[in-house]
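Have a look at structure14.csv below; it lists CSV, C-alpha atoms.
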chain,number,residue,atom,x,y,z
A,1,MET,CA,53.3,-5.2,8.8
A,2,SER,CA,55.5,-5.0,5.7
A,3,PHE,CA,54.6,-7.0,2.6
A,4,PRO,CA,57.8,-7.2,0.5
A,5,ILE,CA,56.2,-8.3,-2.8
A,6,SER,CA,54.1,-5.2,-3.3
A,7,GLY,CA,56.2,-3.0,-1.0
A,8,ALA,CA,53.0,-2.1,1.0
A,9,HIS,CA,52.8,-1.5,4.8
A,10,ILE,CA,49.3,-2.6,6.0
A,11,SER,CA,48.0,-3.6,9.4
A,12,PRO,CA,47.3,-7.4,9.3
A,13,ILE,CA,44.4,-6.8,11.7
A,14,TYR,CA,42.8,-4.5,9.1
A,15,LEU,CA,43.3,-7.2,6.4
A,16,ALA,CA,41.9,-10.0,8.6
A,17,ILE,CA,38.8,-7.9,9.6
A,18,MET,CA,38.2,-6.9,6.0
A,19,GLY,CA,38.5,-10.6,4.9
A,20,PHE,CA,36.0,-11.5,7.7
A,21,VAL,CA,33.4,-9.1,6.5
A,22,ILE,CA,33.8,-10.1,2.8
A,23,GLY,CA,33.8,-13.7,3.8
A,24,ILE,CA,30.4,-13.5,5.4
A,25,LEU,CA,29.0,-11.8,2.3
A,26,GLY,CA,30.6,-14.4,0.0
A,27,GLY,CA,29.4,-17.4,2.0
A,28,PHE,CA,25.9,-16.0,2.3
A,29,PHE,CA,25.3,-14.6,-1.2
A,30,GLY,CA,27.8,-16.6,-3.3
A,31,VAL,CA,29.7,-13.5,-4.5
A,32,GLY,CA,33.4,-12.8,-4.6
A,33,GLY,CA,33.0,-9.4,-2.9
A,34,SER,CA,35.6,-7.6,-5.0
A,35,PHE,CA,33.4,-4.4,-5.1
A,36,ILE,CA,34.3,-4.0,-1.4
A,37,ALA,CA,37.8,-5.6,-1.3
A,38,GLY,CA,39.2,-3.6,-4.3
A,39,PRO,CA,38.4,-0.2,-2.8
A,40,ALA,CA,39.3,-1.4,0.8
A,41,LEU,CA,42.8,-2.4,-0.5
A,42,ARG,CA,43.1,0.9,-2.4
A,43,VAL,CA,42.3,2.9,0.7
A,44,VAL,CA,45.4,1.6,2.5
A,45,GLY,CA,47.6,2.5,-0.4
A,46,LEU,CA,47.9,-0.7,-2.4
A,47,ASP,CA,48.4,0.0,-6.1
A,48,TRP,CA,45.3,-0.7,-8.3
A,49,ASN,CA,46.9,-3.6,-10.2
A,50,PHE,CA,47.9,-5.3,-6.9
A,51,ALA,CA,44.5,-4.7,-5.4
A,52,VAL,CA,42.8,-6.5,-8.3
A,53,GLY,CA,45.2,-9.5,-8.5
A,54,THR,CA,45.5,-9.9,-4.7
A,55,ASP,CA,41.8,-9.8,-4.2
A,56,LEU,CA,41.3,-12.6,-6.8
A,57,ALA,CA,43.8,-14.8,-4.9
A,58,HIS,CA,42.0,-14.2,-1.6
A,59,ILE,CA,38.7,-15.0,-3.4
A,60,VAL,CA,40.1,-18.5,-4.3
A,61,GLY,CA,40.8,-19.3,-0.7
A,62,LYS,CA,37.5,-17.9,0.7
A,63,SER,CA,35.5,-19.8,-1.9
A,64,VAL,CA,37.2,-23.1,-1.1
A,65,VAL,CA,36.1,-22.7,2.5
A,66,ALA,CA,32.6,-21.6,1.6
A,67,VAL,CA,32.2,-24.4,-0.9
A,68,ARG,CA,33.3,-27.1,1.5
A,69,GLN,CA,30.7,-25.8,4.0
A,70,HIS,CA,28.0,-25.5,1.3
A,71,ARG,CA,28.8,-29.0,0.0
A,72,ALA,CA,28.2,-30.4,3.5
A,73,PHE,CA,24.7,-28.9,3.3
A,74,GLY,CA,24.1,-30.3,-0.2
A,75,ASN,CA,24.2,-26.9,-1.8
A,76,VAL,CA,26.7,-27.5,-4.6
A,77,ASP,CA,25.9,-28.8,-8.1
A,78,LEU,CA,29.4,-29.8,-9.3
A,79,ARG,CA,28.3,-30.7,-12.8
A,80,LEU,CA,26.7,-27.3,-13.4
A,81,GLY,CA,29.7,-25.5,-11.8
A,82,LEU,CA,32.2,-27.2,-14.1
A,83,ILE,CA,30.1,-26.5,-17.3
A,84,MET,CA,29.7,-22.8,-16.2
A,85,ALA,CA,33.4,-22.4,-15.6
A,86,PHE,CA,34.1,-22.8,-19.4
A,87,GLY,CA,31.5,-20.2,-20.4
A,88,THR,CA,32.8,-17.8,-17.7
A,89,ILE,CA,36.5,-18.0,-18.7
A,90,ALA,CA,35.6,-17.5,-22.4
A,91,GLY,CA,33.3,-14.6,-21.5
A,92,ALA,CA,35.9,-13.0,-19.3
A,93,GLU,CA,38.5,-13.1,-22.1
A,94,ILE,CA,36.1,-11.4,-24.6
A,95,GLY,CA,35.1,-8.9,-21.9
A,96,ALA,CA,38.7,-8.0,-21.5
A,97,GLN,CA,39.1,-7.6,-25.3
A,98,LEU,CA,36.1,-5.3,-25.4
A,99,ILE,CA,37.7,-3.1,-22.8
A,100,GLN,CA,40.9,-2.9,-25.0
A,101,MET,CA,38.7,-1.9,-28.0
A,102,LEU,CA,37.0,0.8,-26.0
A,103,LYS,CA,40.4,2.0,-24.7
A,104,ARG,CA,41.5,2.4,-28.3
A,105,ALA,CA,38.3,4.3,-29.1
A,106,GLY,CA,39.1,6.5,-26.1
A,107,ASN,CA,35.7,6.4,-24.3
A,108,VAL,CA,36.2,3.3,-22.1
A,109,ASN,CA,35.4,5.0,-18.7
A,110,LEU,CA,32.1,6.5,-19.7
A,111,VAL,CA,30.8,3.4,-21.5
A,112,VAL,CA,31.8,1.0,-18.8
A,113,SER,CA,30.4,3.3,-16.1
A,114,ILE,CA,27.0,3.8,-17.8
A,115,VAL,CA,26.7,0.1,-18.6
A,116,SER,CA,27.6,-1.0,-15.1
A,117,ILE,CA,25.2,1.5,-13.4
A,118,ALA,CA,22.3,0.3,-15.7
A,119,VAL,CA,23.1,-3.4,-15.0
A,120,TYR,CA,23.4,-3.0,-11.2
A,121,VAL,CA,20.3,-0.9,-10.8
A,122,SER,CA,18.3,-3.2,-13.1
A,123,ILE,CA,19.3,-6.3,-11.2
A,124,SER,CA,18.4,-4.7,-7.8
A,125,SER,CA,15.1,-3.4,-9.1
A,126,PHE,CA,14.1,-6.7,-10.6
A,127,MET,CA,15.2,-8.7,-7.5
A,128,ILE,CA,13.4,-6.5,-5.1
A,129,TRP,CA,10.2,-6.7,-7.2
A,130,GLU,CA,10.4,-10.5,-7.6
A,131,SER,CA,11.4,-11.4,-4.0
A,132,ARG,CA,8.8,-9.2,-2.4
A,133,LYS,CA,6.1,-10.5,-4.8
A,134,THR,CA,7.1,-14.1,-4.0
A,135,LEU,CA,7.2,-13.4,-0.2
A,136,ARG,CA,3.7,-11.8,-0.3
A,137,SER,CA,2.2,-14.6,-2.3
A,138,LYS,CA,1.0,-17.8,-0.7
A,139,LYS,CA,3.5,-19.9,-2.5
A,140,GLY,CA,6.5,-17.9,-1.1
A,141,GLY,CA,7.2,-19.9,2.0
A,142,THR,CA,9.1,-17.8,4.5
A,143,ALA,CA,10.4,-20.7,6.6
A,144,ALA,CA,14.0,-21.8,6.1
A,145,PRO,CA,14.2,-25.1,4.1
A,146,THR,CA,15.0,-28.0,6.4
A,147,SER,CA,15.8,-30.7,3.8
A,148,LEU,CA,17.3,-31.0,0.3
A,149,ALA,CA,13.9,-31.6,-1.2
A,150,ALA,CA,12.6,-28.4,0.4
A,151,LYS,CA,15.6,-26.5,-1.0
A,152,LYS,CA,14.7,-27.7,-4.5
A,153,HIS,CA,11.2,-26.3,-4.1
A,154,ASP,CA,12.2,-22.6,-4.3
A,155,PRO,CA,9.2,-20.6,-5.3
A,156,SER,CA,9.7,-17.5,-7.5
A,157,SER,CA,7.2,-15.1,-9.2
A,158,PHE,CA,9.3,-15.4,-12.3
A,159,ASP,CA,8.7,-19.2,-12.5
A,160,HIS,CA,6.7,-19.1,-15.7
A,161,VAL,CA,9.5,-17.5,-17.6
A,162,THR,CA,12.1,-19.9,-16.1
A,163,ARG,CA,9.9,-22.9,-17.0
A,164,SER,CA,9.5,-21.8,-20.6
A,165,ILE,CA,13.3,-21.4,-20.9
A,166,GLN,CA,13.7,-24.9,-19.5
A,167,GLY,CA,11.3,-26.1,-22.1
A,168,TRP,CA,13.6,-25.1,-25.0
A,169,LYS,CA,14.7,-28.5,-26.2
A,170,ILE,CA,18.0,-27.5,-28.0
A,171,TRP,CA,20.4,-30.5,-28.1
A,172,PRO,CA,22.3,-31.4,-26.0
A,173,MET,CA,20.1,-31.3,-23.0
A,174,VAL,CA,21.9,-31.5,-19.6
A,175,ASN,CA,20.4,-33.3,-16.6
A,176,LEU,CA,21.3,-31.7,-13.3
A,177,PRO,CA,20.0,-34.1,-10.6
A,178,ALA,CA,21.5,-32.1,-7.8
A,179,SER,CA,19.5,-29.0,-8.7
A,180,GLY,CA,16.5,-31.0,-10.0
A,181,VAL,CA,16.7,-29.3,-13.4
A,182,THR,CA,17.1,-30.5,-17.0
A,183,ILE,CA,18.1,-27.7,-19.4
A,184,SER,CA,19.9,-27.1,-22.7
A,185,LEU,CA,23.7,-26.9,-22.5
A,186,TRP,CA,23.6,-23.8,-24.6
A,187,VAL,CA,21.5,-21.9,-22.1
A,188,ILE,CA,24.0,-22.8,-19.3
A,189,ILE,CA,26.9,-21.7,-21.5
A,190,PHE,CA,25.1,-18.5,-22.5
A,191,VAL,CA,24.4,-17.6,-18.8
A,192,SER,CA,27.9,-18.3,-17.7
A,193,PHE,CA,29.3,-16.5,-20.8
A,194,ILE,CA,27.3,-13.3,-20.0
A,195,GLY,CA,28.6,-13.5,-16.4
A,196,GLY,CA,32.1,-13.9,-17.6
A,197,LEU,CA,31.7,-11.1,-20.1
A,198,PHE,CA,30.6,-8.7,-17.3
A,199,SER,CA,33.5,-10.0,-15.2
A,200,GLY,CA,36.0,-9.1,-17.9
A,201,PHE,CA,34.2,-5.9,-18.8
A,202,LEU,CA,33.4,-4.4,-15.3
A,203,GLY,CA,36.0,-6.3,-13.2
A,204,GLY,CA,35.5,-8.5,-10.2
A,205,GLY,CA,33.9,-12.0,-10.3
A,206,ALA,CA,30.4,-10.7,-11.4
A,207,GLY,CA,28.6,-12.9,-8.9
A,208,TYR,CA,26.0,-10.2,-8.7
A,209,ILE,CA,25.0,-11.1,-12.2
A,210,ARG,CA,25.6,-14.9,-12.2
A,211,MET,CA,23.8,-15.8,-9.0
A,212,PRO,CA,20.5,-14.1,-10.0
A,213,SER,CA,20.7,-15.4,-13.5
A,214,MET,CA,21.2,-18.9,-12.2
A,215,VAL,CA,18.0,-18.6,-10.2
A,216,TYR,CA,15.9,-16.8,-12.7
A,217,VAL,CA,17.1,-18.1,-16.1
A,218,LEU,CA,18.3,-21.6,-15.3
A,219,GLY,CA,15.8,-22.2,-12.5
A,220,ILE,CA,18.4,-23.4,-9.9
A,221,PRO,CA,17.2,-23.2,-6.3
A,222,THR,CA,18.7,-20.1,-4.5
A,223,HIS,CA,20.7,-22.2,-2.0
A,224,LEU,CA,22.2,-24.3,-4.7
A,225,ALA,CA,22.9,-21.2,-6.9
A,226,VAL,CA,24.9,-19.7,-4.0
A,227,GLY,CA,27.0,-22.8,-3.4
A,228,THR,CA,27.4,-23.6,-7.1
A,229,ASP,CA,28.4,-20.0,-8.0
A,230,LEU,CA,31.1,-20.2,-5.3
A,231,PHE,CA,32.4,-23.5,-6.7
A,232,GLU,CA,32.5,-21.9,-10.2
A,233,ILE,CA,34.3,-18.9,-8.7
A,234,ILE,CA,37.1,-21.2,-7.4
A,235,ILE,CA,37.9,-22.2,-11.0
A,236,SER,CA,37.5,-18.8,-12.6
A,237,ALA,CA,39.3,-16.9,-9.8
A,238,SER,CA,42.2,-19.4,-9.9
A,239,TYR,CA,42.5,-18.7,-13.6
A,240,GLY,CA,42.4,-15.0,-12.9
A,241,THR,CA,45.0,-15.3,-10.1
A,242,PHE,CA,47.4,-17.2,-12.3
A,243,THR,CA,47.2,-14.7,-15.1
A,244,HIS,CA,47.6,-11.8,-12.8
A,245,ALA,CA,50.4,-13.4,-10.8
A,246,VAL,CA,52.3,-14.0,-14.1
A,247,LYS,CA,51.9,-10.3,-14.8
A,248,GLY,CA,53.2,-9.4,-11.4
A,249,ASN,CA,49.9,-8.2,-9.9
A,250,VAL,CA,49.5,-10.6,-6.9
A,251,ASP,CA,50.9,-10.1,-3.4
A,252,ILE,CA,50.1,-13.6,-2.1
A,253,LEU,CA,51.2,-12.7,1.5
A,254,ILE,CA,48.4,-10.0,1.7
A,255,ALA,CA,45.9,-12.5,0.3
A,256,LEU,CA,46.9,-15.1,2.8
A,257,VAL,CA,46.5,-12.6,5.7
A,258,MET,CA,43.1,-11.5,4.4
A,259,HIS,CA,42.1,-15.1,4.1
A,260,THR,CA,42.6,-15.8,7.8
A,261,GLY,CA,39.6,-13.6,8.5
A,262,ALA,CA,37.7,-14.7,5.4
A,263,ALA,CA,38.0,-18.4,6.4
A,264,ILE,CA,35.8,-17.8,9.5
A,265,GLY,CA,33.5,-15.3,7.8
A,266,ALA,CA,32.8,-17.6,4.8
A,267,GLN,CA,31.8,-20.4,7.1
A,268,ILE,CA,29.5,-18.2,9.1
A,269,GLY,CA,27.9,-16.9,5.8
A,270,ALA,CA,27.4,-20.4,4.5
A,271,ILE,CA,25.8,-21.6,7.8
A,272,CYS,CA,23.5,-18.6,7.8
A,273,THR,CA,22.0,-19.6,4.5
A,274,GLN,CA,20.4,-22.6,6.3
A,275,TYR,CA,18.3,-20.2,8.4
A,276,PHE,CA,16.7,-18.3,5.4
A,277,ALA,CA,14.3,-19.2,2.7
A,278,GLY,CA,15.3,-18.6,-1.0
A,279,PRO,CA,13.2,-15.4,-1.5
A,280,LYS,CA,14.6,-13.9,1.7
A,281,ILE,CA,18.2,-14.5,0.5
A,282,ARG,CA,17.3,-12.9,-2.8
A,283,LEU,CA,15.7,-9.9,-1.1
A,284,ALA,CA,18.8,-9.5,1.2
A,285,PHE,CA,21.0,-9.6,-2.0
A,286,VAL,CA,19.4,-6.4,-3.4
A,287,PRO,CA,21.8,-3.9,-1.7
A,288,LEU,CA,24.9,-5.5,-3.2
A,289,PRO,CA,24.5,-4.4,-6.8
A,290,LEU,CA,23.4,-1.0,-5.5
A,291,ILE,CA,26.7,-0.6,-3.6
A,292,GLY,CA,28.5,-1.4,-6.8
A,293,ALA,CA,26.4,1.3,-8.6
A,294,ALA,CA,27.1,3.8,-5.9
A,295,ILE,CA,30.9,3.2,-6.2
A,296,VAL,CA,30.7,3.7,-10.0
A,297,ILE,CA,28.6,6.9,-9.6
A,298,TYR,CA,31.1,8.3,-7.1
A,299,THR,CA,34.0,7.5,-9.4
A,300,LEU,CA,32.2,9.1,-12.4
A,301,MET,CA,31.4,12.3,-10.4
A,302,THR,CA,34.7,12.8,-8.6
A,303,GLY,CA,37.2,11.2,-11.0
A,304,HIS,CA,38.8,9.3,-8.1
A,305,LYS,CA,38.8,5.5,-8.7
A,306,ILE,CA,38.2,3.8,-5.4
B,1,MET,CA,16.2,-22.3,22.8
B,2,LYS,CA,17.7,-19.2,24.5
B,3,LYS,CA,20.1,-21.5,26.4
B,4,GLU,CA,21.1,-23.2,23.2
B,5,THR,CA,21.8,-19.8,21.5
B,6,ALA,CA,23.8,-18.5,24.5
B,7,ARG,CA,25.8,-21.7,24.5
B,8,THR,CA,26.5,-21.5,20.7
B,9,LEU,CA,27.5,-17.8,21.0
B,10,ARG,CA,29.8,-18.5,24.0
B,11,ALA,CA,31.5,-21.4,22.1
B,12,PHE,CA,31.9,-19.1,19.1
B,13,ALA,CA,33.4,-16.3,21.1
B,14,ILE,CA,35.9,-18.7,22.7
B,15,GLU,CA,36.7,-20.1,19.3
B,16,LEU,CA,37.3,-16.7,17.9
B,17,ALA,CA,39.7,-15.8,20.8
B,18,ILE,CA,41.8,-19.0,20.3
B,19,TYR,CA,41.7,-18.6,16.6
B,20,ALA,CA,42.9,-15.0,16.9
B,21,VAL,CA,45.9,-16.1,19.0
B,22,LEU,CA,46.8,-18.8,16.5
B,23,VAL,CA,46.5,-16.4,13.6
B,24,VAL,CA,48.7,-13.8,15.2
B,25,GLY,CA,51.3,-16.5,15.7
B,26,TYR,CA,50.9,-17.5,12.1
B,27,PHE,CA,51.4,-13.9,10.9
B,28,PHE,CA,54.7,-13.6,12.7
B,29,LEU,CA,56.2,-17.0,12.3
B,30,VAL,CA,55.1,-18.6,9.0
B,31,LEU,CA,54.4,-15.6,6.8
B,32,HIS,CA,57.6,-13.8,8.1
B,33,PHE,CA,59.7,-16.7,6.9
B,34,LEU,CA,57.8,-17.3,3.7
B,35,GLY,CA,58.1,-13.7,2.6
B,36,GLY,CA,61.7,-13.8,1.4
B,37,GLY,CA,61.3,-17.0,-0.6
B,38,LEU,CA,58.1,-15.9,-2.2
B,39,GLN,CA,59.5,-12.5,-3.1
B,40,TRP,CA,62.5,-14.2,-4.8
B,41,LEU,CA,60.1,-16.5,-6.7
B,42,GLU,CA,58.0,-13.5,-7.8
B,43,ARG,CA,61.1,-11.7,-9.1
B,44,ASN,CA,62.7,-14.7,-10.9
B,45,HIS,CA,60.2,-17.4,-11.7
B,46,ARG,CA,56.8,-15.9,-12.3
B,47,TYR,CA,55.0,-19.1,-13.5
B,48,THR,CA,56.3,-21.0,-10.5
B,49,TYR,CA,55.2,-18.1,-8.2
B,50,ALA,CA,51.7,-18.1,-9.8
B,51,GLY,CA,51.3,-21.9,-9.3
B,52,ALA,CA,52.7,-21.6,-5.7
B,53,ALA,CA,50.3,-18.7,-4.9
B,54,ILE,CA,47.2,-20.8,-5.9
B,55,LEU,CA,48.5,-23.9,-4.0
B,56,LEU,CA,49.3,-21.8,-0.9
B,57,MET,CA,45.8,-20.2,-1.0
B,58,ILE,CA,44.0,-23.5,-1.3
B,59,GLY,CA,46.2,-25.3,1.2
B,60,GLN,CA,45.6,-22.5,3.8
B,61,ALA,CA,41.9,-22.7,3.1
B,62,VAL,CA,41.7,-26.4,3.8
B,63,VAL,CA,44.0,-26.2,6.9
B,64,LEU,CA,42.1,-23.2,8.4
B,65,GLN,CA,38.7,-24.8,7.9
B,66,ASN,CA,39.9,-28.0,9.6
B,67,VAL,CA,41.4,-25.9,12.5
B,68,THR,CA,38.1,-24.0,13.0
B,69,THR,CA,36.1,-27.2,12.8
B,70,ILE,CA,38.2,-29.0,15.3
B,71,LEU,CA,38.3,-26.0,17.6
B,72,LEU,CA,34.5,-25.7,17.5
B,73,ARG,CA,34.0,-29.4,18.2
B,74,LEU,CA,36.4,-29.3,21.2
B,75,ILE,CA,34.8,-26.1,22.6
B,76,ARG,CA,31.2,-27.3,22.1
B,77,GLY,CA,32.1,-30.6,23.7
B,78,ARG,CA,33.4,-28.8,26.8
B,79,THR,CA,30.6,-26.3,27.1
B,80,LYS,CA,28.1,-29.2,27.0
Take the structure I supplied and represent it as C-alpha cells, if you would.
Amino acid sequence: MSFPISGAHISPIYLAIMGFVIGILGGFFGVGGSFIAGPALRVVGLDWNFAVGTDLAHIVGKSVVAVRQHRAFGNVDLRLGLIMAFGTIAGAEIGAQLIQMLKRAGNVNLVVSIVSIAVYVSISSFMIWESRKTLRSKKGGTAAPTSLAAKKHDPSSFDHVTRSIQGWKIWPMVNLPASGVTISLWVIIFVSFIGGLFSGFLGGGAGYIRMPSMVYVLGIPTHLAVGTDLFEIIISASYGTFTHAVKGNVDILIALVMHTGAAIGAQIGAICTQYFAGPKIRLAFVPLPLIGAAIVIYTLMTGHKI
Amino acid sequence: MKKETARTLRAFAIELAIYAVLVVGYFFLVLHFLGGGLQWLERNHRYTYAGAAILLMIGQAVVLQNVTTILLRLIRGRTK
C-alpha cells in the first residue's frame, strides 16, 4: 500500500500486526512502545523523522483505547494524570534542549547512549530485585486484585522509602483519592519532569521510567500507575504529534493503519492487567528496559541506528 | 471453567475475523479517499493538518473501540 504523505510503500498487514503487538504491551504495561515501533518502522524503509512523528500519532490513538478500558476498571487517576502532563511537557522541552547542547559540543551520541544504557539496566535490576522480594515475602499477594480496594493495597518491598517520601509535607499537598495517596505537588512535578526529561533526551514516551517511578516514588498502586500513565501519555503524545506534524514528520495514514491493530491489542493488554497482581506486572515489566538497552548497545557497536 | 475459556476464545476468534474484514474494507475505502486530501493539507496548511491528525486519531480510537465492544457483545450473546 502506498502512503502519499511520506512516499513510503508498506504492507498494511505488517503495520496492523505491529500495532497489535505494541498495543498489547501498551495496554498491559502503560508504555508507548516506541522502542519497538521506531525500529519496526525504520526496517520497512520509513525515514527516521517520519518514524518518530508517526509513532507518536499512533501512540495517541492506542492510549485513548487503553485508557477507556482501564477507566472502566477504575485504573485511572485523572487528577494525577493532568498534573503530571505539565511536568512531562516541561521536562521534554528541556531534554530536547540538552540534546541540542550536546550536539553543539559534538558528543551527543556517546553521552546519550551511555546514559540510556545505565538508566535502562538500573531500572530493570531494581524492579527485578523489588518484585521478586515482594513476591517471596508473605505480604506480596500473588492473587489478582478483585476490587478497587484490593488494587489500592499493592505491597512493595520499597514501601518504607515511598512512605517517607509521602511524609514530606511540602506545601501544597495534593490529595489523590482515586489512588489513595496524599503527596506534595512538588514530588509529582519532579517525577513527571524527570520522565519528560528522559523522553526529550532519549526519545519515545519514557513510560519505562514514569511507570516505575509512579509506583516506587509516588506510591501509586501498579494498576493505577499503568492506567494513569497511559492517560498522561495521551496528553504528552498529542503535544508531540502536533509539534512533529507542524515540522512535517507525521504520516497520519500510516498511524491510522497501525492503530487498527493497536485498538484490539490495547484492549487485550488492559483486560490482562485484571488477572495479575501488582508485583507480577512489575516483574513482567523487567525485560522492556533491557530491550531498550540492547537496541542502544547494538547501535553503539555497529553504528546503524535502528 | 474450561468451557468458559473455550467460549471466550471462540468469541474472540470470530470477533478478530469480522474485525479483519471491516479493517481491510476501511483501508481500501476510507483511507484511499482520505489520502489525497490529507496530503494536500500537509503540503499547504501544516497547522490544520496537525490538528486534523490528532482529531482523526482520537476519532478512530473511539469508533474502533465501540465497534469491537459491539462485536464482542453480539458474538458472546450468540455463543451463549
- [ ] Pull out every residue of chain B that has at least one atom within 12 Å of chain A, counting all atoms listed in the file, and report them as a PyMOL selection string.
- [x] chain B and resi 12-13+15-16+19-28+30-69+71-72
Task: Distance query stretch 220-232 of chain A at most 6 Å, all atoms listed in the file, self and fewer than 6 positions along chain excluded, as a PyMOL selection string - done: chain A and resi 29-30+63+67+70+75-77+81+85+152+154+179+211+214+278
- [ ] Give me the residues within 12 Å of A:Gln97 as JSON, numbers by chain, counting only C-alpha atoms and dropping any in the same chain fewer than 6 places off.
- [x] {"A": [90, 91, 103, 104, 108, 197, 198, 199, 200, 201, 202]}
Using C-alpha atoms, can you export the residues from the last selection as a compact mmCIF listing (two decimals), keeping the file's coordinate frame?
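Wrote it out as selection_13.txt, contents follow:
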# COMPACT_ATOMS: atom_id res chain seq x y z
CA ALA A 90 35.60 -17.50 -22.40
CA GLY A 91 33.30 -14.60 -21.50
CA LYS A 103 40.40 2.00 -24.70
CA ARG A 104 41.50 2.40 -28.30
CA VAL A 108 36.20 3.30 -22.10
CA LEU A 197 31.70 -11.10 -20.10
CA PHE A 198 30.60 -8.70 -17.30
CA SER A 199 33.50 -10.00 -15.20
CA GLY A 200 36.00 -9.10 -17.90
CA PHE A 201 34.20 -5.90 -18.80
CA LEU A 202 33.40 -4.40 -15.30
- [ ] Tell me, in Å to one decimal, how far atom CA of A:Gly26 is from atom CA of A:Thr273.
- [x]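 Interatomic distance, atom CA of A:Gly26 to atom CA of A:Thr273: 11.0 Å.
Across the model, the gap from atom CA of A:Leu25 to atom CA of A:Lys280 is 14.6 Å.
Note that atom CA of A:Asn109 and atom CA of A:Leu300 are 8.2 Å apart.
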Open item on the list: Nearest residue to A:Val187 out of A:Cys272, A:Val296, A:Leu80, A:Ile233, using all atoms listed in the file?
Closed with: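 Using all atoms listed in the file, the shortest distance to A:Val187 belongs to A:Leu80.
With all atoms listed in the file as the basis for measurement, A:Gly87 is the residue among A:Gly219, A:Gly87, A:Gly53, A:Gly32 that approaches A:Ile189 most closely.
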Task: Spatial neighbours of stretch 158-175 of chain A, 10 Å, all atoms listed in the file, chain gap at least 2 places, as a ChimeraX atom specification - done: /A:79-80,83,130-131,133-134,154-156,177-188,214-220
Can you complete the atoms of stretch 85-100 of chain A to N, CA and C atoms and list them as a tab-separated table (two decimals), keeping the file's coordinate frame?
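For reference, out-v3.tsv as written:
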chain	number	residue	atom	x	y	z
A	85	ALA	N	32.08	-22.96	-15.69
A	85	ALA	CA	33.40	-22.40	-15.60
A	85	ALA	C	33.97	-22.14	-17.07
A	86	PHE	N	33.62	-23.04	-18.02
A	86	PHE	CA	34.10	-22.80	-19.40
A	86	PHE	C	33.51	-21.53	-19.98
A	87	GLY	N	32.19	-21.37	-19.82
A	87	GLY	CA	31.50	-20.20	-20.40
A	87	GLY	C	32.08	-18.90	-19.70
A	88	THR	N	32.33	-18.98	-18.38
A	88	THR	CA	32.80	-17.80	-17.70
A	88	THR	C	34.18	-17.37	-18.15
A	89	ILE	N	35.09	-18.34	-18.30
A	89	ILE	CA	36.50	-18.00	-18.70
A	89	ILE	C	36.44	-17.40	-20.13
A	90	ALA	N	35.64	-18.02	-21.04
A	90	ALA	CA	35.60	-17.50	-22.40
A	90	ALA	C	34.97	-16.08	-22.39
A	91	GLY	N	33.92	-15.88	-21.61
A	91	GLY	CA	33.30	-14.60	-21.50
A	91	GLY	C	34.23	-13.52	-20.96
A	92	ALA	N	35.01	-13.92	-19.94
A	92	ALA	CA	35.90	-13.00	-19.30
A	92	ALA	C	37.00	-12.50	-20.28
A	93	GLU	N	37.48	-13.45	-21.10
A	93	GLU	CA	38.50	-13.10	-22.10
A	93	GLU	C	37.92	-12.09	-23.11
A	94	ILE	N	36.69	-12.34	-23.58
A	94	ILE	CA	36.10	-11.40	-24.60
A	94	ILE	C	35.75	-10.08	-23.93
A	95	GLY	N	35.32	-10.11	-22.66
A	95	GLY	CA	35.10	-8.90	-21.90
A	95	GLY	C	36.32	-8.01	-21.85
A	96	ALA	N	37.46	-8.67	-21.59
A	96	ALA	CA	38.70	-8.00	-21.50
A	96	ALA	C	39.13	-7.37	-22.86
A	97	GLN	N	38.83	-8.13	-23.94
A	97	GLN	CA	39.10	-7.60	-25.30
A	97	GLN	C	38.25	-6.40	-25.62
A	98	LEU	N	36.98	-6.46	-25.18
A	98	LEU	CA	36.10	-5.30	-25.40
A	98	LEU	C	36.61	-4.06	-24.74
A	99	ILE	N	37.15	-4.25	-23.53
A	99	ILE	CA	37.70	-3.10	-22.80
A	99	ILE	C	38.90	-2.52	-23.62
A	100	GLN	N	39.73	-3.40	-24.18
A	100	GLN	CA	40.90	-2.90	-25.00
A	100	GLN	C	40.38	-2.13	-26.19
